[in-house]
Structure formats: C-alpha cells, structure tokens
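S.K.: Structure file my_file02.cif (mmCIF, C-alpha atoms) is given on the next line.
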```
data_entry
loop_
_atom_site.label_atom_id
_atom_site.label_comp_id
_atom_site.auth_asym_id
_atom_site.auth_seq_id
_atom_site.Cartn_x
_atom_site.Cartn_y
_atom_site.Cartn_z
CA VAL A 1 85.00 121.35 95.21
CA GLN A 2 84.27 117.93 96.65
CA LEU A 3 86.42 114.83 96.26
CA GLN A 4 84.93 111.34 96.41
CA ALA A 5 87.35 108.43 96.89
CA SER A 6 86.45 104.81 96.26
CA GLY A 7 87.97 101.41 95.56
CA GLY A 8 89.26 100.34 98.94
CA GLY A 9 88.87 96.84 100.26
CA LEU A 10 90.56 93.73 101.58
CA VAL A 11 93.40 92.26 99.53
CA GLN A 12 96.01 89.61 100.19
CA PRO A 13 99.71 90.47 100.39
CA GLY A 14 101.15 90.64 96.90
CA GLY A 15 97.81 91.55 95.41
CA SER A 16 96.61 94.65 93.59
CA LEU A 17 93.94 97.28 94.09
CA LYS A 18 92.95 100.43 92.23
CA LEU A 19 91.66 103.51 94.01
CA SER A 20 89.73 106.26 92.28
CA CYS A 21 88.85 109.80 93.26
CA VAL A 22 86.32 111.93 91.40
CA ALA A 23 86.14 115.70 91.78
CA SER A 24 82.76 117.45 91.67
CA GLN A 25 84.44 120.15 89.61
CA ARG A 26 87.94 120.99 88.48
CA PRO A 27 88.78 124.67 88.79
CA ALA A 28 91.82 125.61 86.76
CA ARG A 29 93.65 126.79 89.88
CA LEU A 30 93.20 123.42 91.64
CA ASN A 31 96.07 122.10 89.62
CA ARG A 32 97.69 119.39 91.72
CA VAL A 33 96.09 116.35 93.28
CA GLY A 34 97.49 113.72 95.57
CA TRP A 35 96.95 110.62 97.66
CA PHE A 36 97.74 110.41 101.34
CA ARG A 37 97.23 107.60 103.83
CA GLN A 38 96.85 107.15 107.54
CA ALA A 39 97.55 103.83 109.22
CA PRO A 40 96.08 102.98 112.64
CA GLY A 41 97.96 104.84 115.35
CA LYS A 42 100.12 106.75 112.88
CA GLU A 43 100.14 110.19 111.36
CA ARG A 44 98.88 110.82 107.86
CA GLU A 45 101.61 110.50 105.25
CA PHE A 46 102.12 111.45 101.64
CA VAL A 47 101.76 108.69 99.05
CA SER A 48 101.80 110.31 95.61
CA SER A 49 100.79 113.41 93.66
CA ILE A 50 100.39 114.57 90.11
CA TYR A 51 99.27 117.56 88.07
CA TRP A 52 95.85 117.24 86.48
CA ASN A 53 97.50 117.15 83.05
CA GLY A 54 99.30 113.96 84.10
CA SER A 55 102.76 115.44 84.45
CA GLY A 56 105.02 115.77 87.44
CA ALA A 57 104.21 112.53 89.25
CA SER A 58 105.82 112.16 92.66
CA TYR A 59 105.88 109.12 94.97
CA ALA A 60 106.89 108.29 98.50
CA ASP A 61 109.91 105.99 98.61
CA SER A 62 107.82 103.32 100.31
CA VAL A 63 105.51 102.97 97.29
CA LYS A 64 107.79 103.85 94.41
CA ASP A 65 107.84 101.16 91.70
CA ARG A 66 104.69 99.57 93.17
CA PHE A 67 102.09 102.35 92.90
CA THR A 68 101.17 104.36 89.82
CA MET A 69 99.05 107.49 89.89
CA SER A 70 97.18 108.79 86.86
CA SER A 71 94.68 111.49 85.98
CA ASP A 72 91.75 111.76 83.58
CA LYS A 73 90.85 115.40 83.09
CA ALA A 74 87.79 114.61 80.98
CA LYS A 75 86.27 112.64 83.88
CA ASN A 76 87.66 114.81 86.69
CA LYS A 77 89.15 111.61 88.06
CA ILE A 78 92.46 110.51 89.49
CA SER A 79 93.47 106.94 90.11
CA LEU A 80 96.05 105.07 92.15
CA GLN A 81 97.02 101.63 90.90
CA MET A 82 98.58 99.72 93.78
CA ASN A 83 100.52 96.55 93.01
CA ARG A 84 102.53 94.12 95.15
CA LEU A 85 100.68 95.29 98.21
CA LYS A 86 102.19 94.72 101.64
CA PRO A 87 100.56 94.55 105.09
CA GLU A 88 102.21 97.88 105.90
CA ASP A 89 100.17 99.49 103.13
CA THR A 90 97.07 99.00 105.28
CA ALA A 91 95.58 102.44 105.90
CA VAL A 92 92.78 104.81 105.11
CA TYR A 93 93.66 106.45 101.80
CA TYR A 94 92.63 110.04 101.11
CA CYS A 95 92.66 112.00 97.90
CA ALA A 96 93.40 115.70 98.14
CA GLY A 97 93.71 118.80 96.01
CA ARG A 98 96.12 121.71 96.18
CA TRP A 99 95.48 125.18 94.85
CA GLN A 100 98.01 126.75 92.52
CA GLY A 101 100.66 128.58 94.51
CA ALA A 102 99.70 126.92 97.78
CA GLN A 103 102.04 124.84 99.91
CA GLU A 104 99.41 122.67 101.53
CA TYR A 105 96.61 120.43 100.32
CA THR A 106 93.38 121.96 101.53
CA VAL A 107 90.68 120.08 99.62
CA TRP A 108 90.16 116.58 101.02
CA GLY A 109 88.05 113.56 100.18
CA GLN A 110 86.47 111.30 102.80
CA GLY A 111 88.94 108.40 102.64
CA THR A 112 88.71 104.77 101.63
CA LEU A 113 90.05 101.87 103.70
CA VAL A 114 92.64 99.50 102.27
CA THR A 115 93.42 96.37 104.27
CA VAL A 116 96.24 94.08 103.20
CA SER A 117 96.01 90.82 105.07
CA SER A 118 95.99 87.09 104.51
#
```
Would you mind writing the file's structure down as structure tokens?
M.R.:
Amino acid sequence: VQLQASGGGLVQPGGSLKLSCVASQRPARLNRVGWFRQAPGKEREFVSSIYWNGSGASYADSVKDRFTMSSDKAKNKISLQMNRLKPEDTAVYYCAGRWQGAQEYTVWGQGTLVTVSS
C-alpha cells in the first residue's frame, strides 16, 4: 500500500487549505487512517484520524473546531480541510494508515509542506 499526499502550500494566517491523500489500494484490514505533522525542530505529532467508513473521527486539541477530516472509500482518498490556519500550523503533514488490531501507524505517505505566513 502506498499513500500519496498533496495539497500543501503557502497560506496567510486565517486562511484555509485542503490536503488530500490517495491510497494505491485499500485492504480491508487497513481500516484507520490519519494525519500527522512535524514542525521544524519538533517531533511528529498526531493531528486527526478516522475510519475509512467515515466514523470515529478524532482530533488533536490544537486543531479541534478548525480542521475536518473526511474519507471517500470509492476514491481511496482521505482529506483534511484546514480552516482558520495559524502560523503554528506550519509543518510537513503526513498521511498514515493503521492495520486493524495494531497500535501504531505503519503505512506512511511522503508528506506535504504547509506554510502559514503573511
């Protein structure tokens, strides 16, 4: 399984951006997908996750009420709508997949850079 993230770019504070991640295939046991981010000089952190069927969305406190994650099973695609962006949201964003029963995300995309700056 390969994950391909896209949609990053430069946006002003308060603006919006939508990230997408397409999976080369969607095995039934790869049932949960998520977004993580890594800011310069910081460790990678969890952003949001969801089951492929669209249920069970979870968000980090720092993005709750600003970011919305969704899934499209027919297109093997997940999306992250990011609104009211802040400079501290600047990071490389990664999509990832987790196998059923696993604790960790072990399938990772290549990352897409989001820069929030005026």
S.K.: Interatomic distance between CA of Gly54 (chain A) and CA of Asp89 (chain A)?
M.R.: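 The value is 23.9 Å.
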S.K.: Which residue gives the smallest distance to Gly15 (chain A) among A:Gln110, A:Asn83, A:Ser118, A:Gln103, with all atoms listed in the file counted?
M.R.: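 Answer, going by the shortest atom-to-atom distance: A:Asn83.
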S.K.: Of the candidates A:Gln38, A:Ser20, A:Asn31, A:Gln25, which shows the shortest atom-to-atom distance to Thr115 (chain A), using all atoms listed in the file?
M.R.: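 Distance minimum relative to Thr115 (chain A) lands on A:Gln38.
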S.K.: I need the residue set behind the PyMOL selection byres ((chain A and resi 112) around 9) for this file; please write it as a list in words.
M.R.: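 That expression, the PyMOL selection byres ((chain A and resi 112) around 9), corresponds here to Ala5, Ser6, Gly7, Gly8, Gly9, Leu19, Ala91, Val92, Tyr93, Tyr94, Gly109, Gln110, Gly111, Leu113 and Val114 of chain A.
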S.K.: For a cutoff of 12 Å around the file-coordinate point (89.2, 114.1, 87.5), which residues qualify once you count only C-alpha atoms? I'd like the result as a PyMOL selection string.
M.R.: chain A and resi 1-5+20-28+30-34+50-54+70-79+95-97
S.K.: List every protein, DNA or RNA residue with an atom no more than 10 Å from (99.8, 96.5, 93.3) in the file's coordinates, counting only C-alpha atoms, and format the result as a PyMOL selection string.
M.R.: chain A and resi 11+13-18+63+65-68+80-86
S.K.: Quick one: pull the distance between CA of Ala60 (chain A) and CA of Trp35 (chain A), Å, one decimal.
M.R.: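 Interatomic distance here is 10.2 Å.
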S.K.: Could you work out how far CA of Phe46 (chain A) lies from CA of Glu104 (chain A), giving the answer in Å with one decimal?
M.R.: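 Atom-to-atom, CA of Glu104 (chain A) and CA of Phe46 (chain A) are spaced 11.5 Å apart.
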S.K.: Counting only C-alpha atoms, which residue out of A:Thr90, A:Ser117, A:Gln100, A:Ser48 sits closest to Met69 (chain A)?
M.R.: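 Of A:Thr90, A:Ser117, A:Gln100, A:Ser48, the one nearest Met69 (chain A), counting only C-alpha atoms, is A:Ser48.
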